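**Student:** Handing you this structure, nothing more for now.
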Amino acid sequence: MAKASGHDELVFLPLGGSNEIGMNFNLYGFGPSHDRRWVVVDLGVTFGDQSTPGVEVILPDPEYIEEYADRILGIVVTHAHEDHIGAVAHLWPRLKAPVYATPFTAFVLREKLREADLLDQVPITEVPLGGVIELGPFRMELITLTHSIPEPNGIAIKTPLGTILHTGDWKIDPHPLLGAPTDQDAIRRLGDEGVLAMVCDSTNVFVDGVAGSEAEVRDALIPLIGGLKGKVAVACFASNVARMDSVIRAAEAAGRRVCLVGRSMHRMASAAKSVGLMQDVQDFVSEGEAGYFPAEKILYLCTGSQGEPRAALSRIADGSHPHVSLGAGDSCIFSSRVIPGNEIPIRNLQNKLADRGVRLYTERDHPGIHVSGHPCRDELAEMYRWARPQIAVPTHGERRHLLEHCAFAKDLQVPQAVAPRNGDMVRLAPGRAEIIDEVPSGRLYVDAGVLTPENGEALRERRHAAYNGMLSVSVVLDRKGKILAGPEVRALGLPTDEDYPLEDVLDDLSEEAENALDRLSRENRDLDDAVETAMSRAVKKASQRIWGRRPVVETTVLRV
């Protein structure tokens with residue numbers, strides 16, 4: 001490995017995943033400040049909520065690093081969760097760097113790129129588990145960890161200025177069911193050699209103890225499923241192949257065949273089989289065939305555990321799924337956690353199922369049917385004992401997670417700890433770790449297939465309309481500005497009551513718009529912009545008086 005010059009720096013720059021859980025986008029830079037070379041670790045998404053109406057997928061904004069795209073040596077993906085790979089297909093055309101991933105992750109990524117018509121453009125190099133990637137001044141050694149998806153990798157990033165252990169997502173599972181256990185020896189060897197910094201998962205930093213093993217979940221699912229009557233549906237994350245495998249084994253032990261419901265279930269099953277997993281299970285039953293099985297002989301393994309409106313389980317709960325139905329005497333097991341922010345859609349989904357007579361089983365009433373994929377405090381402490389870093393850099397957490405992680409690391413005698421926000425450039429070496437710059441960071445929304453900035457006008461107007469309603473005002477004028485018809489006001493999403501019916505409100509608003517036109521000078525009545533502005537202001541002011549809100553107002557002027 002080349003030696004560092006006196007001007008070289010080693011920096012860490014999160015552009016996503018710090019101060020939030022999800023949307024991971026991490027960069028490591030090496031070299032003098034005017035000529036750094038970069039590697040990207042993970043390029044993921046997060047998902048929309050009630051504050052982003054019409055937007056389901058949200059990406060990190062690559063504005064800063066896009067300017068230096070020619071200096072990106074590679075994009076290295078730690079594992080195949082959406083919050084780590086979901087943005088590759090969207091943002092690769094802006095970065096155009098080679099991509100490196102282990103076989104399972106590469107399979108999933110290729111399927112996503114195929115859907116985006118990018119498969120032939122994106123160079124993907126498959127790296128074996130435990131493999132090495134040489135990228136300029138970076139020697140990146142993959143370390144096998146355990147998580148809730150096959151082939152999770154930590155990365156030992158070796159540079160002339162020191163070694164960084166980037167953990168990705170992980171936990172310590174002594175019985176992972178699928179794949180190898182955590183490579184403790186490799187991490188200890190790194191600790192013996194000297195780890196400059198550990199960039200580490202913070203998701204469960206407030207949770208005492210350990211996350212638990214997938215083997216425990218299997219032990220809980222087998223008797224639970226074995227004791228149920230009627231049709232059984234199980235909702236879990238499709239990416240948790242070990243959980244899928246446990247559900248399938250439990251179903252087979254109960255004499256049930258398995259039907260996969262939801263596209264991502266089929267995709268992950270194919271990815272698992274491509275790397276030699278789930279080879280000895282019975283063939284899956286198609287949705288069309290499943291309806292011919294007796295209720296006690298079928299189990300539906302479904303997407304939609306988070307209440308996603310278009311996922312399989314939501315359509316089943318709505319009664320709109322073309323092949324699958326659940327009702328009285330049937331059961332639905334939620335073998336998943338509630339992701340913060342999804343409480344309302346999950347509750348609505350479960351209420352719909354319950355209203356159909358479906359018996360529900362969740363981790364709240366059956367704690368053994370789910371375990372987290374992220375490290376709790378005892379596991380974090382163990383990782384720090386193995387790696388013994390000089391600097392703790394928490395990531396994958398909200399602000400409170402990162403600050404608590406820093407405090408916890410200091411309690412474990414880690415000399416330095418830095419909690420960056422997205423856009424904070426942290427110099428790890430030489431010298432003391434510190435934030436040396438703040439660069440542009442933000443979010444892009446996938447809105448009807450178009451990438452738009454998070455403060456874009458379309459979403460701003462949609463939010464405004466969602467909370468305040470909308471009014472349309474139209475008027476027909478002649479060439480001299482004389483009113484021929486209207487103004488007419490129509491409403492969308494605005495309330496009414498018996499004492500002041502909406503029809504009367506709209507008549508009053510029409511009168512306000514007409515009065516505003518009457519106050520215009522002869523010259524301004526000839527200008528469409530002036531007419532629209534006058535009517536809009538008058539209607540907004542009256543709306544504020546009537547409803548205590550200012551709806552979106554669209555005005556139309558037609559001249560004949």
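So you can find residues: chains in the structure tokens are A, B, ... in the order shown, residues in each start at 1, and ligands are numbered from 1 in order.
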At a cut-off of 12 Å, using only C-alpha atoms, what residues contact Leu509 (chain A)? Leave out same-chain residues fewer than 2 positions from it and give the result as a ChimeraX atom specification.
**Tutor:** /A:471-474,486-491,502-507,511-516,535-546,553
**Student:** Any chance you can output those residues with C-alpha atoms as a PDB file, in the first residue's frame?
**Tutor:**
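Once everything was written out, this is selection_15.pdb:
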```pdb
ATOM      1  CA  LEU A 471     -60.629  26.421  -4.719  1.00  0.00           C
ATOM      2  CA  SER A 472     -60.880  27.091  -8.430  1.00  0.00           C
ATOM      3  CA  VAL A 473     -62.046  30.484  -9.680  1.00  0.00           C
ATOM      4  CA  SER A 474     -62.997  31.043 -13.315  1.00  0.00           C
ATOM      5  CA  GLY A 486     -68.795  34.298 -13.513  1.00  0.00           C
ATOM      6  CA  PRO A 487     -66.712  34.560 -11.503  1.00  0.00           C
ATOM      7  CA  GLU A 488     -67.560  30.974 -10.554  1.00  0.00           C
ATOM      8  CA  VAL A 489     -65.889  29.325  -7.549  1.00  0.00           C
ATOM      9  CA  ARG A 490     -65.659  25.571  -7.004  1.00  0.00           C
ATOM     10  CA  ALA A 491     -64.270  23.793  -3.945  1.00  0.00           C
ATOM     11  CA  LEU A 502     -70.994  25.238   1.041  1.00  0.00           C
ATOM     12  CA  GLU A 503     -73.186  26.495  -1.817  1.00  0.00           C
ATOM     13  CA  ASP A 504     -73.730  29.755   0.062  1.00  0.00           C
ATOM     14  CA  VAL A 505     -70.024  30.013   0.868  1.00  0.00           C
ATOM     15  CA  LEU A 506     -69.106  29.617  -2.797  1.00  0.00           C
ATOM     16  CA  ASP A 507     -71.652  32.260  -3.801  1.00  0.00           C
ATOM     17  CA  GLU A 511     -69.064  37.884  -5.021  1.00  0.00           C
ATOM     18  CA  GLU A 512     -65.701  38.664  -3.367  1.00  0.00           C
ATOM     19  CA  ALA A 513     -63.932  37.813  -6.631  1.00  0.00           C
ATOM     20  CA  GLU A 514     -66.329  40.012  -8.626  1.00  0.00           C
ATOM     21  CA  ASN A 515     -65.826  42.924  -6.228  1.00  0.00           C
ATOM     22  CA  ALA A 516     -62.070  42.553  -6.645  1.00  0.00           C
ATOM     23  CA  MET A 535     -59.405  37.341  -7.637  1.00  0.00           C
ATOM     24  CA  SER A 536     -56.956  34.985  -5.915  1.00  0.00           C
ATOM     25  CA  ARG A 537     -56.114  37.474  -3.171  1.00  0.00           C
ATOM     26  CA  ALA A 538     -59.740  38.278  -2.516  1.00  0.00           C
ATOM     27  CA  VAL A 539     -60.787  34.633  -2.314  1.00  0.00           C
ATOM     28  CA  LYS A 540     -57.858  33.684  -0.069  1.00  0.00           C
ATOM     29  CA  LYS A 541     -58.598  36.573   2.295  1.00  0.00           C
ATOM     30  CA  ALA A 542     -62.278  35.614   2.495  1.00  0.00           C
ATOM     31  CA  SER A 543     -61.370  31.938   3.008  1.00  0.00           C
ATOM     32  CA  GLN A 544     -59.171  32.869   5.937  1.00  0.00           C
ATOM     33  CA  ARG A 545     -62.121  34.706   7.491  1.00  0.00           C
ATOM     34  CA  ILE A 546     -64.580  31.837   6.840  1.00  0.00           C
ATOM     35  CA  VAL A 553     -56.551  28.883  -5.290  1.00  0.00           C
TER      36      VAL A 553
END
```
**Student:** As a PyMOL selection string, please: every residue in region 216-375 of chain A that DSSP puts in alpha helix (DSSP H).
**Tutor:** chain A and resi 216-226+241-253+263-274+287-290+312-318+343-355
**Student:** Assign secondary structure with DSSP using the backbone only, and return the residues of region 47-105 of chain A in strand (DSSP E or B) as a ChimeraX atom specification.
**Tutor:** /A:47,57-60,72-76,99-101
**Student:** Got a sec: who's within 10 Å of region 366-369 of chain A, counting only C-alpha atoms, leaving out chain neighbours fewer than 5 positions off, as a PyMOL selection string?
**Tutor:** chain A and resi 212-214+216-222+224+243+333-337+361
**Student:** Please identify every residue of region 352-379 of chain A that has at least one atom no farther than 12 Å from an atom of region 401-405 of chain A, counting only C-alpha atoms, and for each give the shortest atom pair and the distance in Å to one decimal, arranged by chain then increasing number, as a Markdown table.
**Tutor:**
```
| residue | atom | partner | partner_atom | distance |
| --- | --- | --- | --- | --- |
| A:Pro375 | CA | A:His405 | CA | 11.7 |
| A:Cys376 | CA | A:His405 | CA | 10.9 |
| A:Arg377 | CA | A:His405 | CA | 9.3 |
```
**Student:** Hey, what's within 8 Å of Ala101 (chain A) if we count only C-alpha atoms and toss same-chain stuff fewer than 2 positions away? As a list in words, please?
**Tutor:**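 With the cut-off at 8 Å, the set is Val76, Val77, Thr78, His79, Val99, Pro103, Thr105, Ala106, Ile124, Thr125, Glu126 and Val127 of chain A.
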**Student:** Enter the distance from CA of Leu484 (chain A) to CA of Met470 (chain A), in Å, rounded to one decimal.
**Tutor:**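 If I compute the distance from CA of Leu484 (chain A) to CA of Met470 (chain A), I get 24.4 Å.
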**Student:** Mind checking which residues fall within 7 Å of Lys297 (chain A), counting only C-alpha atoms, ignoring those fewer than 3 positions away in the same chain, and posting them as an mmCIF file with C-alpha atoms, in the first residue's frame?
**Tutor:**
```cif
data_model
loop_
_atom_site.group_PDB
_atom_site.id
_atom_site.type_symbol
_atom_site.label_atom_id
_atom_site.label_comp_id
_atom_site.auth_asym_id
_atom_site.auth_seq_id
_atom_site.Cartn_x
_atom_site.Cartn_y
_atom_site.Cartn_z
ATOM 1 C CA GLY A 255 -48.779 -30.277 6.600
ATOM 2 C CA ARG A 256 -49.349 -27.015 4.764
ATOM 3 C CA ARG A 257 -48.103 -25.969 1.329
ATOM 4 C CA PHE A 293 -56.420 -26.433 -1.356
ATOM 5 C CA PRO A 294 -58.347 -27.129 1.856
#
```
**Student:** One number please: CA of Gly44 (chain A) to CA of Phe138 (chain A), in Å, one decimal.
**Tutor:**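 Distance between the two atoms: 21.8 Å.
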**Student:** Show me, as a ChimeraX atom specification, the residues that have an atom within 7 Å of Met198 (chain A) when counting only C-alpha atoms, minus same-chain residues fewer than 2 positions from it.
**Tutor:** /A:164-166,200,389,391-393
**Student:** Could those selected residues go to a file with N, CA and C atoms, as a compact mmCIF listing (two decimals), in the first residue's frame?
**Tutor:**
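The new file selection-v5.txt reads:
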```txt
# COMPACT_ATOMS: atom_id res chain seq x y z
N ILE A 164 -10.49 1.71 8.74
CA ILE A 164 -11.84 1.99 9.21
C ILE A 164 -12.64 0.70 9.14
N LEU A 165 -13.38 0.40 10.18
CA LEU A 165 -14.33 -0.70 10.14
C LEU A 165 -15.72 -0.11 9.95
N HIS A 166 -16.27 -0.32 8.75
CA HIS A 166 -17.63 0.11 8.45
C HIS A 166 -18.52 -1.11 8.64
N CYS A 200 -20.53 2.77 12.76
CA CYS A 200 -21.30 1.65 13.30
C CYS A 200 -22.80 1.94 13.41
N PRO A 389 -11.61 0.44 18.44
CA PRO A 389 -11.28 1.60 17.61
C PRO A 389 -10.83 2.79 18.44
N ILE A 391 -11.67 5.83 17.29
CA ILE A 391 -12.73 6.81 17.05
C ILE A 391 -14.04 6.05 16.82
N ALA A 392 -15.08 6.48 17.48
CA ALA A 392 -16.43 5.95 17.23
C ALA A 392 -17.19 6.96 16.38
N VAL A 393 -17.74 6.48 15.26
CA VAL A 393 -18.57 7.33 14.39
C VAL A 393 -19.91 6.64 14.21
```
**Student:** In terms of the shortest atom-to-atom distance over only C-alpha atoms, which of A:Leu145, A:Leu190, A:Ala458, A:Ala87 is closest to Ile157 (chain A)?
**Tutor:**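 Among the listed residues, A:Leu190 lies closest to Ile157 (chain A).
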